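Engineer: Sharing work.cif, mmCIF, C-alpha atoms:
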```cif
data_my_file
#
loop_
_atom_site.label_atom_id
_atom_site.label_comp_id
_atom_site.auth_asym_id
_atom_site.auth_seq_id
_atom_site.Cartn_x
_atom_site.Cartn_y
_atom_site.Cartn_z
CA MET A 1 116.50 114.11 90.47
CA ASP A 2 118.85 117.07 90.57
CA LEU A 3 117.84 118.78 87.33
CA LEU A 4 118.98 122.29 86.48
CA HIS A 5 116.59 124.65 84.76
CA HIS A 6 119.07 125.57 82.02
CA GLU A 7 119.47 121.95 80.89
CA GLU A 8 118.41 120.90 77.42
CA ARG A 9 114.88 119.49 77.46
CA ASP A 10 112.87 117.38 75.07
CA ALA A 11 109.88 119.40 73.87
CA LEU A 12 107.39 116.50 73.91
CA THR A 13 108.28 114.76 77.14
CA GLY A 14 109.96 117.36 79.34
CA LEU A 15 112.80 114.90 80.04
CA ILE A 16 116.41 115.97 79.66
CA GLY A 17 117.82 115.64 76.17
CA PRO A 18 120.50 113.21 74.93
CA ASP A 19 123.42 115.65 75.12
CA THR A 20 122.63 116.59 78.72
CA ALA A 21 122.22 112.90 79.58
CA ARG A 22 125.61 112.06 78.09
CA ARG A 23 127.33 114.81 80.06
CA ARG A 24 125.68 113.75 83.31
CA LEU A 25 126.38 110.07 82.72
CA GLU A 26 130.00 110.78 81.86
CA GLY A 27 130.51 112.42 85.25
CA TRP A 28 128.83 109.54 87.08
CA LEU A 29 130.90 106.88 85.31
CA ALA A 30 134.05 108.54 86.58
CA GLU A 31 132.81 108.47 90.19
CA GLY A 32 131.44 104.99 90.88
CA PRO A 33 128.88 102.26 90.06
CA VAL A 34 126.22 103.13 87.48
CA HIS A 35 123.29 101.03 86.28
CA ALA A 36 121.46 101.95 83.08
CA LEU A 37 118.64 100.72 80.91
CA LEU A 38 117.27 101.58 77.48
CA LEU A 39 113.49 101.37 77.04
CA ALA A 40 112.06 101.22 73.50
CA LEU A 41 108.46 101.31 72.27
CA PRO A 42 108.23 99.17 69.11
CA ARG A 43 104.51 99.87 68.53
CA LEU A 44 104.70 103.66 68.48
CA ASP A 45 104.91 103.91 64.68
CA ALA A 46 101.76 101.79 64.38
CA ILE A 47 99.97 104.09 66.85
CA ASN A 48 100.98 107.14 64.82
CA LEU A 49 99.63 105.53 61.65
CA ALA A 50 96.40 104.23 63.18
CA TYR A 51 95.46 107.14 65.45
CA GLY A 52 97.51 110.12 64.29
CA LYS A 53 100.65 111.88 65.48
CA ALA A 54 98.78 113.78 68.22
CA ASP A 55 97.96 110.51 69.99
CA GLY A 56 101.53 109.34 69.44
CA ASP A 57 102.84 112.50 71.07
CA SER A 58 100.44 112.06 74.00
CA VAL A 59 101.72 108.51 74.43
CA LEU A 60 105.33 109.73 74.59
CA ALA A 61 104.40 112.34 77.20
CA GLU A 62 102.52 109.76 79.29
CA VAL A 63 105.39 107.25 79.09
CA ALA A 64 107.80 109.97 80.23
CA ALA A 65 105.53 110.79 83.17
CA ARG A 66 105.35 107.12 84.18
CA ILE A 67 109.14 106.78 83.96
CA VAL A 68 109.65 109.80 86.21
CA HIS A 69 107.00 108.63 88.67
CA PHE A 70 108.48 105.12 88.82
CA ALA A 71 112.07 106.27 89.19
CA GLY A 72 111.12 108.80 91.85
CA ALA A 73 109.55 105.98 93.88
CA GLU A 74 112.53 103.64 93.50
CA PHE A 75 115.74 105.63 93.83
CA ASP A 76 117.19 107.48 96.78
CA SER A 77 120.47 107.98 94.90
CA PRO A 78 120.87 110.39 91.93
CA TRP A 79 119.13 109.27 88.75
CA LEU A 80 118.32 110.62 85.30
CA ALA A 81 115.71 110.01 82.64
CA ALA A 82 116.21 111.16 79.05
CA ARG A 83 114.59 110.73 75.67
CA LEU A 84 117.27 109.71 73.20
CA GLY A 85 115.06 110.33 70.18
CA GLY A 86 112.08 108.64 68.57
CA SER A 87 110.60 106.24 71.12
CA SER A 88 113.75 105.37 73.08
CA PHE A 89 114.29 106.38 76.70
CA LEU A 90 117.42 106.12 78.83
CA ILE A 91 117.18 105.69 82.60
CA ALA A 92 120.33 105.56 84.72
CA ALA A 93 121.05 105.57 88.43
CA ARG A 94 124.27 106.13 90.33
CA GLU A 95 123.54 103.17 92.52
CA ALA A 96 125.23 99.89 93.40
CA CYS A 97 122.71 97.05 93.42
CA SER A 98 122.51 93.38 92.55
CA ARG A 99 121.81 92.12 89.03
CA GLU A 100 118.56 90.61 90.31
CA ARG A 101 117.34 93.89 91.79
CA TRP A 102 118.12 95.88 88.62
CA ALA A 103 116.19 93.32 86.57
CA LEU A 104 113.33 93.59 89.07
CA LEU A 105 113.25 97.37 88.65
CA ALA A 106 113.27 96.99 84.87
CA GLU A 107 110.38 94.53 85.05
CA GLY A 108 108.42 96.91 87.27
CA LEU A 109 109.03 99.78 84.87
CA ALA A 110 107.91 97.64 81.93
CA GLU A 111 104.70 96.79 83.79
CA ALA A 112 104.05 100.48 84.51
CA VAL A 113 104.56 101.51 80.88
CA ALA A 114 102.50 98.60 79.51
CA ARG A 115 99.34 99.63 81.36
CA PRO A 116 96.58 101.22 79.22
CA ILE A 117 97.09 104.82 78.11
CA ALA A 118 94.11 107.01 77.28
CA GLY A 119 93.97 108.05 73.63
CA SER A 120 91.59 110.40 71.88
CA LYS A 121 89.42 107.50 70.68
CA GLU A 122 90.29 104.51 72.87
CA SER A 123 92.80 103.21 75.39
CA LEU A 124 96.15 102.25 73.90
CA ARG A 125 98.56 99.54 75.05
CA LEU A 126 102.31 99.43 74.56
CA SER A 127 104.80 96.57 74.59
CA PRO A 128 108.01 98.08 75.96
CA ARG A 129 111.34 96.34 75.52
CA ILE A 130 114.21 97.03 77.87
CA ALA A 131 117.96 96.45 77.58
CA LEU A 132 119.84 96.80 80.86
CA LEU A 133 123.40 96.81 82.11
CA ARG A 134 125.78 97.58 84.92
CA ALA A 135 128.51 99.84 83.58
CA LEU A 136 132.02 98.43 83.60
CA GLU A 137 134.72 100.11 85.64
CA GLU A 138 136.05 103.20 83.79
CA GLU A 139 133.64 102.55 80.88
CA LYS A 140 132.90 105.50 78.58
CA VAL A 141 129.47 106.90 77.77
CA GLU A 142 129.69 105.91 74.11
CA SER A 143 130.36 102.30 75.09
CA VAL A 144 127.40 102.21 77.50
CA LEU A 145 124.97 103.55 74.91
CA ASP A 146 126.36 101.39 72.11
CA ARG A 147 126.03 98.20 74.17
CA LEU A 148 122.47 99.08 75.15
CA VAL A 149 121.48 99.73 71.53
CA GLN A 150 123.04 96.46 70.38
CA ALA A 151 121.19 94.55 73.11
CA GLN A 152 117.93 96.19 72.05
CA GLY A 153 118.55 94.94 68.53
CA ALA A 154 119.11 91.41 69.78
CA LEU A 155 115.99 91.59 71.94
CA GLY A 156 113.90 92.51 68.91
CA LYS A 157 114.74 89.12 67.39
CA ARG A 158 113.58 87.19 70.47
CA SER A 159 109.83 86.86 70.16
CA GLY A 160 107.94 87.31 73.41
CA LYS A 161 110.88 88.60 75.45
CA ARG A 162 110.94 92.13 76.80
CA LEU A 163 114.07 92.28 79.02
CA ILE A 164 117.66 91.53 78.06
CA TRP A 165 121.07 92.13 79.61
CA VAL A 166 123.79 93.50 77.38
CA ASP A 167 125.67 90.22 77.81
CA GLY A 168 122.83 88.56 75.89
CA GLY A 169 121.10 86.96 78.84
CA VAL A 170 117.35 87.29 78.67
CA THR A 171 115.74 87.77 82.09
CA ARG A 172 112.94 85.27 82.48
CA PRO A 173 109.96 85.44 84.83
CA GLY A 174 110.59 81.85 86.03
CA ARG A 175 112.05 80.83 89.35
CA SER A 176 113.33 84.27 90.39
CA ALA A 177 109.96 85.95 89.83
CA ALA A 178 108.09 83.11 91.55
CA ARG A 179 110.43 83.35 94.51
CA LEU A 180 109.85 87.10 94.77
CA GLU A 181 106.10 86.58 94.71
CA ALA A 182 106.42 84.05 97.52
CA ASP A 183 108.66 86.48 99.40
CA LEU A 184 105.96 89.13 99.14
CA LEU A 185 103.37 86.89 100.75
CA LYS A 186 105.75 86.39 103.69
CA ALA A 187 106.74 90.07 103.75
CA ILE A 188 103.31 91.18 104.91
CA ASP A 189 103.31 88.64 107.75
CA ARG A 190 106.88 89.51 108.70
CA ASP A 191 106.15 93.24 108.69
CA GLU A 192 108.82 93.96 106.07
CA ILE A 193 106.66 96.62 104.38
CA GLU A 194 107.84 99.97 105.72
CA ILE A 195 105.81 103.16 105.64
CA LEU A 196 107.58 106.46 105.06
CA PHE A 197 105.87 109.84 105.24
CA GLN A 198 106.36 112.78 102.86
CA PRO A 199 105.37 115.91 104.83
CA GLN A 200 102.92 118.40 103.32
CA PHE A 201 102.79 122.11 104.17
CA GLY A 202 99.91 124.57 103.98
CA LEU A 203 99.96 127.96 102.29
CA PRO A 204 100.35 130.68 103.18
CA GLY A 205 102.64 130.22 106.16
CA ASP A 206 104.29 126.83 105.49
CA HIS A 207 102.55 125.19 108.44
CA LEU A 208 102.61 121.39 108.61
CA THR A 209 99.27 119.99 107.43
CA GLY A 210 99.98 116.26 107.21
CA ALA A 211 101.84 113.75 105.07
CA GLU A 212 101.55 111.31 102.19
CA ALA A 213 102.22 107.66 103.06
CA LEU A 214 104.77 105.89 100.84
CA ALA A 215 105.44 102.15 100.89
CA ARG A 216 108.87 100.50 100.76
CA TRP A 217 109.76 96.82 101.00
CA GLN A 218 112.90 96.08 102.98
CA HIS A 219 113.74 92.78 101.29
CA PRO A 220 116.16 90.66 103.36
CA GLN A 221 118.40 89.89 100.35
CA LEU A 222 117.70 92.59 97.74
CA GLY A 223 117.46 95.59 100.03
CA ARG A 224 114.97 98.40 99.58
CA ILE A 225 112.32 97.95 96.88
CA GLY A 226 110.21 101.00 96.09
CA ALA A 227 106.48 101.19 95.49
CA GLY A 228 106.66 100.79 91.71
CA ALA A 229 108.45 97.43 91.72
CA LEU A 230 106.60 96.35 94.85
CA PHE A 231 103.19 96.69 93.20
CA ALA A 232 104.45 95.11 89.96
CA ILE A 233 105.36 91.99 91.97
CA ALA A 234 102.02 92.16 93.80
CA GLU A 235 100.15 92.36 90.50
CA ARG A 236 101.84 89.20 89.19
CA ALA A 237 101.06 87.45 92.46
CA ASP A 238 97.45 88.70 92.45
CA GLN A 239 98.12 90.36 95.79
CA VAL A 240 97.50 94.03 95.01
CA ALA A 241 94.30 94.29 97.06
CA PRO A 242 95.72 92.66 100.22
CA LEU A 243 98.95 94.68 99.90
CA SER A 244 97.07 97.95 99.39
CA LEU A 245 94.86 97.38 102.44
CA HIS A 246 97.88 96.31 104.51
CA ILE A 247 99.69 99.55 103.61
CA ALA A 248 96.58 101.60 104.39
CA ALA A 249 96.08 99.86 107.75
CA LYS A 250 99.70 100.34 108.76
CA ALA A 251 99.75 104.01 107.71
CA LEU A 252 96.49 104.70 109.52
CA ALA A 253 97.73 103.04 112.72
CA LEU A 254 100.85 105.22 112.67
CA ALA A 255 98.84 108.36 111.86
CA ALA A 256 96.48 107.68 114.78
CA THR A 257 99.24 108.98 117.08
CA TRP A 258 99.58 112.29 115.23
CA PRO A 259 98.45 115.59 116.73
CA GLU A 260 94.84 116.44 116.01
CA GLY A 261 94.24 118.19 112.69
CA LEU A 262 97.03 116.65 110.61
CA ARG A 263 95.88 114.87 107.46
CA LEU A 264 97.03 111.53 106.03
CA SER A 265 97.15 110.88 102.29
CA ILE A 266 97.28 107.35 100.86
CA ASN A 267 97.50 106.22 97.25
CA VAL A 268 94.74 104.26 95.54
CA THR A 269 95.69 101.79 92.78
CA ALA A 270 93.89 100.72 89.62
CA ALA A 271 93.35 97.27 91.14
CA ASP A 272 91.70 98.87 94.18
CA LEU A 273 89.20 100.76 92.06
CA ALA A 274 88.53 97.69 89.90
CA ALA A 275 87.42 95.72 92.97
CA GLU A 276 83.73 96.12 93.74
CA ARG A 277 84.26 95.62 97.50
CA TYR A 278 87.19 98.01 97.84
CA ALA A 279 85.25 100.95 99.25
CA GLY A 280 83.63 98.89 101.98
CA ALA A 281 86.93 97.17 102.84
CA LEU A 282 88.75 100.48 103.17
CA GLN A 283 85.96 101.94 105.29
CA SER A 284 86.34 98.99 107.69
CA VAL A 285 90.12 99.49 107.86
CA VAL A 286 89.66 103.20 108.63
CA ALA A 287 87.05 102.48 111.31
CA ASP A 288 89.29 99.89 112.98
CA SER A 289 92.25 102.29 113.03
CA GLY A 290 90.51 105.04 114.99
CA PHE A 291 91.85 107.63 112.57
CA PRO A 292 89.06 110.04 111.57
CA ALA A 293 87.82 109.48 108.02
CA ALA A 294 87.47 113.25 107.64
CA ARG A 295 91.26 113.61 107.96
CA LEU A 296 92.04 111.05 105.26
CA THR A 297 92.81 111.95 101.63
CA LEU A 298 92.81 109.34 98.86
CA GLU A 299 95.16 110.12 95.97
CA VAL A 300 94.14 108.58 92.66
CA THR A 301 95.97 108.97 89.34
CA GLU A 302 94.33 109.19 85.95
CA GLN A 303 96.03 105.90 85.08
CA ALA A 304 94.10 104.18 87.87
CA LEU A 305 90.81 105.37 86.35
CA LEU A 306 91.22 103.84 82.90
CA THR A 307 89.85 100.35 83.60
CA ASP A 308 86.26 101.19 84.57
CA ILE A 309 85.56 104.87 85.17
CA GLU A 310 81.98 104.29 86.32
CA LEU A 311 82.98 101.71 88.95
CA ALA A 312 85.79 104.03 90.05
CA ARG A 313 83.35 106.90 90.36
CA GLN A 314 80.95 104.84 92.47
CA SER A 315 83.71 103.65 94.82
CA LEU A 316 85.17 107.12 95.26
CA GLN A 317 81.70 108.60 95.83
CA GLN A 318 81.00 106.04 98.57
CA LEU A 319 84.29 106.92 100.26
CA ALA A 320 83.71 110.66 99.86
CA ASN A 321 80.27 110.26 101.43
CA SER A 322 81.96 108.81 104.52
CA GLY A 323 84.01 111.98 104.92
CA MET A 324 87.21 111.12 103.05
CA ARG A 325 88.61 113.59 100.54
CA ILE A 326 89.71 112.72 97.02
CA ALA A 327 92.73 114.13 95.18
CA LEU A 328 93.43 113.67 91.45
CA ASP A 329 97.15 112.94 91.59
CA ASP A 330 99.91 113.68 89.03
CA PHE A 331 97.68 116.25 87.33
CA GLY A 332 99.37 117.61 84.20
CA ALA A 333 101.54 114.55 83.58
CA GLY A 334 101.02 113.05 80.14
CA PHE A 335 97.49 112.86 78.78
CA CYS A 336 94.94 114.82 80.82
CA ASN A 337 91.26 113.91 80.51
CA PHE A 338 89.30 116.89 81.84
CA ARG A 339 86.16 114.74 81.81
CA TYR A 340 87.32 113.32 85.15
CA LEU A 341 86.94 116.76 86.72
CA LYS A 342 83.20 116.54 86.06
CA LEU A 343 82.65 112.87 86.86
CA LEU A 344 84.57 112.37 90.09
CA PRO A 345 83.87 113.68 93.61
CA LEU A 346 87.15 115.60 93.81
CA HIS A 347 88.43 117.97 96.49
CA TYR A 348 92.02 118.51 95.32
CA LEU A 349 94.15 118.66 92.19
CA LYS A 350 97.68 117.51 92.95
CA LEU A 351 100.07 118.94 90.37
CA ASP A 352 102.71 116.67 88.93
CA ARG A 353 106.28 117.83 89.56
CA SER A 354 106.68 118.53 85.82
CA MET A 355 104.12 121.34 86.19
CA VAL A 356 106.25 123.26 88.70
CA GLU A 357 109.84 122.45 87.66
CA GLY A 358 110.14 125.33 85.24
CA ILE A 359 107.90 128.01 86.75
CA ALA A 360 110.83 130.02 88.12
CA GLY A 361 112.55 130.32 84.74
CA ASP A 362 109.90 130.01 82.01
CA PRO A 363 106.98 132.49 81.78
CA ARG A 364 104.94 129.92 79.85
CA ASP A 365 105.24 127.36 82.63
CA LEU A 366 104.12 129.99 85.13
CA ALA A 367 101.19 130.92 82.89
CA VAL A 368 100.09 127.26 82.73
CA LEU A 369 100.25 127.03 86.54
CA ARG A 370 98.19 130.20 86.85
CA ALA A 371 95.56 128.84 84.44
CA ILE A 372 95.28 125.52 86.31
CA VAL A 373 94.85 127.26 89.66
CA ALA A 374 92.17 129.52 88.16
CA MET A 375 90.32 126.50 86.74
CA ALA A 376 90.56 124.67 90.07
CA ARG A 377 89.24 127.70 91.92
CA ALA A 378 86.24 127.85 89.55
CA LEU A 379 85.58 124.17 90.33
CA GLU A 380 86.02 124.77 94.08
CA LEU A 381 89.08 122.52 94.21
CA ASP A 382 92.26 123.16 96.19
CA VAL A 383 95.61 122.74 94.44
CA ILE A 384 98.54 120.84 95.96
CA ALA A 385 101.96 121.41 94.35
CA GLU A 386 104.28 118.40 94.31
CA GLY A 387 108.04 118.29 93.75
CA ILE A 388 108.97 121.67 95.24
CA GLU A 389 112.76 121.75 95.48
CA GLU A 390 113.60 125.48 95.42
CA GLU A 391 112.45 128.44 97.47
CA THR A 392 111.55 130.36 94.29
CA GLN A 393 109.14 127.57 93.32
CA ARG A 394 107.57 127.56 96.77
CA ALA A 395 107.12 131.34 96.72
CA LEU A 396 105.51 131.24 93.27
CA VAL A 397 102.99 128.47 94.06
CA GLU A 398 102.06 130.44 97.18
CA ALA A 399 101.67 133.67 95.18
CA GLU A 400 99.50 131.92 92.58
CA GLY A 401 97.10 130.52 95.19
CA CYS A 402 98.06 126.87 95.73
CA ALA A 403 96.70 125.56 99.03
CA SER A 404 99.67 123.37 99.99
CA TRP A 405 102.90 121.81 98.78
CA GLN A 406 105.36 118.98 99.33
CA GLY A 407 108.91 118.39 98.18
CA PHE A 408 112.57 118.07 99.07
CA LEU A 409 112.91 121.81 99.76
CA ARG A 410 111.89 121.30 103.35
CA ALA A 411 111.56 117.56 103.91
CA GLU A 412 112.28 114.25 102.18
CA PRO A 413 110.25 111.10 102.89
CA MET A 414 110.95 110.09 106.49
CA SER A 415 110.25 107.41 109.02
CA ALA A 416 107.19 107.50 111.28
CA GLU A 417 109.43 108.40 114.22
CA ALA A 418 111.06 111.28 112.34
CA PHE A 419 107.67 112.61 111.28
CA LEU A 420 106.44 112.60 114.87
CA THR A 421 109.53 114.60 115.81
CA LEU A 422 108.70 117.06 113.04
CA THR A 423 105.18 117.51 114.35
CA ALA A 424 106.59 118.57 117.72
CA ALA A 425 109.05 121.07 116.24
#
```
For this file, write the structure as structure tokens.

Structural biologist:
Amino acid sequence: MDLLHHEERDALTGLIGPDTARRRLEGWLAEGPVHALLLALPRLDAINLAYGKADGDSVLAEVAARIVHFAGAEFDSPWLAARLGGSSFLIAAREACSRERWALLAEGLAEAVARPIAGSKESLRLSPRIALLRALEEEKVESVLDRLVQAQGALGKRSGKRLIWVDGGVTRPGRSAARLEADLLKAIDRDEIEILFQPQFGLPGDHLTGAEALARWQHPQLGRIGAGALFAIAERADQVAPLSLHIAAKALALAATWPEGLRLSINVTAADLAAERYAGALQSVVADSGFPAARLTLEVTEQALLTDIELARQSLQQLANSGMRIALDDFGAGFCNFRYLKLLPLHYLKLDRSMVEGIAGDPRDLAVLRAIVAMARALELDVIAEGIEEETQRALVEAEGCASWQGFLRAEPMSAEAFLTLTAA
């Protein structure tokens, strides 16, 4: 997302503000196809009343982080995410895609936002509602926003529905969703799940240290489906565990050809950690691959820890005992529970991109980074900075003591072949 540091920002969520979103969207509408959606959180007022405004603010920050994480996994083309006020969020992409794929992305986003969010007293659940559209040719910004708001109003009157097109058509999870779930079962057998690698670089010196594996589904009809929507489909089909192990096995097989010393990072889902046999299954996959367990890093988000923290701790400890390293991913995004730093066998903190976006222009952002690095050092944890897009950001995370970084500054996610070429450079 090509954000500029001088853009208007929402204080609670860090997303761009409504005026900046309108200006950006206006330019896009004049250039080509644009898809947009409006996500609303009807239960936020009840959360504020029941638990207090502080929890409500934490919920908004966490929802914003999930939106950014989801969109970053789905879109290669320019996109934006903005808070329009209250509990409404606008997401738009300058991308031509089918109606079915845009609905699929909206459904995946709804699933991501609906997962439990840690509150000060208990986990909270939201029921997001999403209006979506494909902008008409030469349509104006005001028309796009007005149609989305009107569709949201109509959706509120349809009990049990959470997605609606601005033409009034409610997207249903019937035949289309069932077909996608069946497609996913075949996709694993047909080897349609592609693994891309996001290179990681060590500091100081910017030497290549490894890569994070990212999954994409090259659907024969819909085209590329990113990790967020892919796992939303897998969750409905009760196929998260097989999909996760398939991705790990494929990434490990590709990484087995890497030069000695490079590390592989793979993501661990909430469903993985909720499965009692996950640790043993992953250990078997690693052993079969021939890739050394000591060169494997497992990235786990706080969101994945909410279901059963004790079971998650036991699984991660078993994997750490076999030589794998554990990273707490997206650190600083939304609600941060520092209790996890004591409970889990961690080796790294991986900073969310929101923690480094403003460090070159805002002394407070830099001060927060400095404090996190100091805390990590006291806990004997290395810090990985994610989302580095400018040289000034890279220089600052190096100066403040981060151990490594990744981001578009030097390399975007790439194919296995392209990564091998990079290793030889």

Engineer: Within 9 Å of (105.3, 96.2, 91.4), in the coordinates the file gives, what residues turn up when you count only C-alpha atoms, written out as a list in words?

Structural biologist: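 Within the cut-off we find Leu104, Leu105, Glu107, Gly108, Leu109, Glu111, Ala112, Gly226, Ala227, Gly228, Ala229, Leu230, Phe231, Ala232, Ile233, Ala234, Glu235, Arg236 and Val240 of chain A.
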
Engineer: Using the chain letters and numbering of this document, enumerate as a PyMOL selection string the residues selected by the PyMOL selection byres ((chain A and resi 382) around 8).

Structural biologist: chain A and resi 347-349+376-377+380-381+383-384+402-403

Engineer: For the file shown, report as a PyMOL selection string the outcome of the PyMOL selection byres ((chain A and resi 124-141) around 7) at residue level.

Structural biologist: chain A and resi 22+25-26+29-30+33-43+110+113-119+122-123+142-145+148+151-152+162-166

Engineer: For Thr297 in chain A, which of A:Ala271, A:Ile309, A:Glu276, A:Ala248 is the closest residue, counting all atoms listed in the file?

Structural biologist: A:Ala248

Engineer: Give me, as an MDAnalysis selection string, all polymer residues having an atom no more than 8 Å from Ile193 in chain A, counting all atoms listed in the file and skipping those fewer than 3 positions away in the same chain.

Structural biologist: chainID A and resid 187:188 215:218 247

Engineer: Any chance you can output those residues with C-alpha atoms as a PDB file, keeping the file's coordinate frame?

Structural biologist:
```
ATOM      1  CA  ALA A 187     106.740  90.070 103.750  1.00  0.00           C
ATOM      2  CA  ILE A 188     103.310  91.180 104.910  1.00  0.00           C
ATOM      3  CA  ALA A 215     105.440 102.150 100.890  1.00  0.00           C
ATOM      4  CA  ARG A 216     108.870 100.500 100.760  1.00  0.00           C
ATOM      5  CA  TRP A 217     109.760  96.820 101.000  1.00  0.00           C
ATOM      6  CA  GLN A 218     112.900  96.080 102.980  1.00  0.00           C
ATOM      7  CA  ILE A 247      99.690  99.550 103.610  1.00  0.00           C
TER       8      ILE A 247
END
```

Engineer: Taking into account only C-alpha atoms, which residue in the set A:Asp167, A:Asp308, A:Ile326, A:Gly332 is nearest to Ala293 in chain A?

Structural biologist: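 When distances to Ala293 in chain A are compared using only C-alpha atoms, the smallest one comes from A:Ile326.
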
Engineer: Which one is closest to Leu409 in chain A: A:Gly156, A:Gly290, A:Pro259, A:Pro199? Count all atoms listed in the file.

Structural biologist: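 Once distances to Leu409 in chain A are computed over all atoms listed in the file, the minimum belongs to A:Pro199.
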
Engineer: Given the file above and the PyMOL selection byres ((chain A and resi 365) around 12), which residues are selected, and can you give them as a list in words?

Structural biologist: His5, Gly14, Gly332, Arg353, Ser354, Met355, Val356, Glu357, Gly358, Ile359, Ala360, Gly361, Asp362, Pro363, Arg364, Leu366, Ala367, Val368, Leu369, Arg370, Ala371, Ile372, Gln393, Leu396 and Val397 of chain A

Engineer: How far is it from CA of Gly202 in chain A to CA of Ser404 in chain A, in Å with one decimal?

Structural biologist: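 Value for the CA of Gly202 in chain A-CA of Ser404 in chain A distance: 4.2 Å.
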
Engineer: Using only C-alpha atoms, which residue out of A:Leu319, A:Ala287, A:Ala106, A:Val59 lies closest to Gly86 in chain A?

Structural biologist: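 Going through A:Leu319, A:Ala287, A:Ala106, A:Val59 one by one, the smallest distance to Gly86 in chain A is for A:Val59.
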
Engineer: Excluding same-chain residues fewer than 2 positions from range 277-286 of chain A, what lies within 10 Å of it counting only C-alpha atoms, as a VMD selection string?

Structural biologist: chain A and resid 241 244 to 246 248 to 250 252 to 253 271 to 275 288 to 293 296 312 314 to 320 322 324

Engineer: Keeping C-alpha atoms for every residue in the selection just given, could you write it to a file as a PDB file, in the frame of the given file?

Structural biologist:
```
ATOM      1  CA  ALA A 241      94.300  94.290  97.060  1.00  0.00           C
ATOM      2  CA  SER A 244      97.070  97.950  99.390  1.00  0.00           C
ATOM      3  CA  LEU A 245      94.860  97.380 102.440  1.00  0.00           C
ATOM      4  CA  HIS A 246      97.880  96.310 104.510  1.00  0.00           C
ATOM      5  CA  ALA A 248      96.580 101.600 104.390  1.00  0.00           C
ATOM      6  CA  ALA A 249      96.080  99.860 107.750  1.00  0.00           C
ATOM      7  CA  LYS A 250      99.700 100.340 108.760  1.00  0.00           C
ATOM      8  CA  LEU A 252      96.490 104.700 109.520  1.00  0.00           C
ATOM      9  CA  ALA A 253      97.730 103.040 112.720  1.00  0.00           C
ATOM     10  CA  ALA A 271      93.350  97.270  91.140  1.00  0.00           C
ATOM     11  CA  ASP A 272      91.700  98.870  94.180  1.00  0.00           C
ATOM     12  CA  LEU A 273      89.200 100.760  92.060  1.00  0.00           C
ATOM     13  CA  ALA A 274      88.530  97.690  89.900  1.00  0.00           C
ATOM     14  CA  ALA A 275      87.420  95.720  92.970  1.00  0.00           C
ATOM     15  CA  ASP A 288      89.290  99.890 112.980  1.00  0.00           C
ATOM     16  CA  SER A 289      92.250 102.290 113.030  1.00  0.00           C
ATOM     17  CA  GLY A 290      90.510 105.040 114.990  1.00  0.00           C
ATOM     18  CA  PHE A 291      91.850 107.630 112.570  1.00  0.00           C
ATOM     19  CA  PRO A 292      89.060 110.040 111.570  1.00  0.00           C
ATOM     20  CA  ALA A 293      87.820 109.480 108.020  1.00  0.00           C
ATOM     21  CA  LEU A 296      92.040 111.050 105.260  1.00  0.00           C
ATOM     22  CA  ALA A 312      85.790 104.030  90.050  1.00  0.00           C
ATOM     23  CA  GLN A 314      80.950 104.840  92.470  1.00  0.00           C
ATOM     24  CA  SER A 315      83.710 103.650  94.820  1.00  0.00           C
ATOM     25  CA  LEU A 316      85.170 107.120  95.260  1.00  0.00           C
ATOM     26  CA  GLN A 317      81.700 108.600  95.830  1.00  0.00           C
ATOM     27  CA  GLN A 318      81.000 106.040  98.570  1.00  0.00           C
ATOM     28  CA  LEU A 319      84.290 106.920 100.260  1.00  0.00           C
ATOM     29  CA  ALA A 320      83.710 110.660  99.860  1.00  0.00           C
ATOM     30  CA  SER A 322      81.960 108.810 104.520  1.00  0.00           C
ATOM     31  CA  MET A 324      87.210 111.120 103.050  1.00  0.00           C
TER      32      MET A 324
END
```

Engineer: Report the distance between CA of Ala213 in chain A and CA of Glu194 in chain A in Å, rounded to one decimal place.

Structural biologist: 9.9 Å

Engineer: For a quick check of understanding, using all atoms listed in the file, which of A:Leu420, A:Ile91, A:Gly52, A:Asp146 has the smallest distance to Gly72 in chain A?

Structural biologist: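 Among the listed residues, A:Ile91 lies closest to Gly72 in chain A.
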
Engineer: At what distance in Å, to one decimal, does CA of Ala418 in chain A lie from CA of Ala294 in chain A?

Structural biologist: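 Computing it gives 24.1 Å between the two atoms.
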
Engineer: Choose the residue, out of A:Ala270, A:Leu343, A:Ala416, A:Ile16, that has the smallest atom-to-atom separation from Phe197 in chain A; count only C-alpha atoms.

Structural biologist: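 Residue with the minimum atom-to-atom distance to Phe197 in chain A: A:Ala416.
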
Engineer: Name all residues at most 12 Å from Ala411 in chain A (count only C-alpha atoms; drop same-chain ones fewer than 6 positions away) and give them as a PyMOL selection string.

Structural biologist: chain A and resi 196-201+206+208+211-212+387-390+405+418-419+422

Engineer: Padding 3 Å on every side, please: axis-aligned box over the listed atoms of range 357-360 of chain A, centre and edge lengths to one decimal in Å, as lines of an AutoDock Vina configuration file.

Structural biologist:
```
center_x = 109.4
center_y = 126.2
center_z = 86.7
size_x = 8.9
size_y = 13.6
size_z = 8.9
```
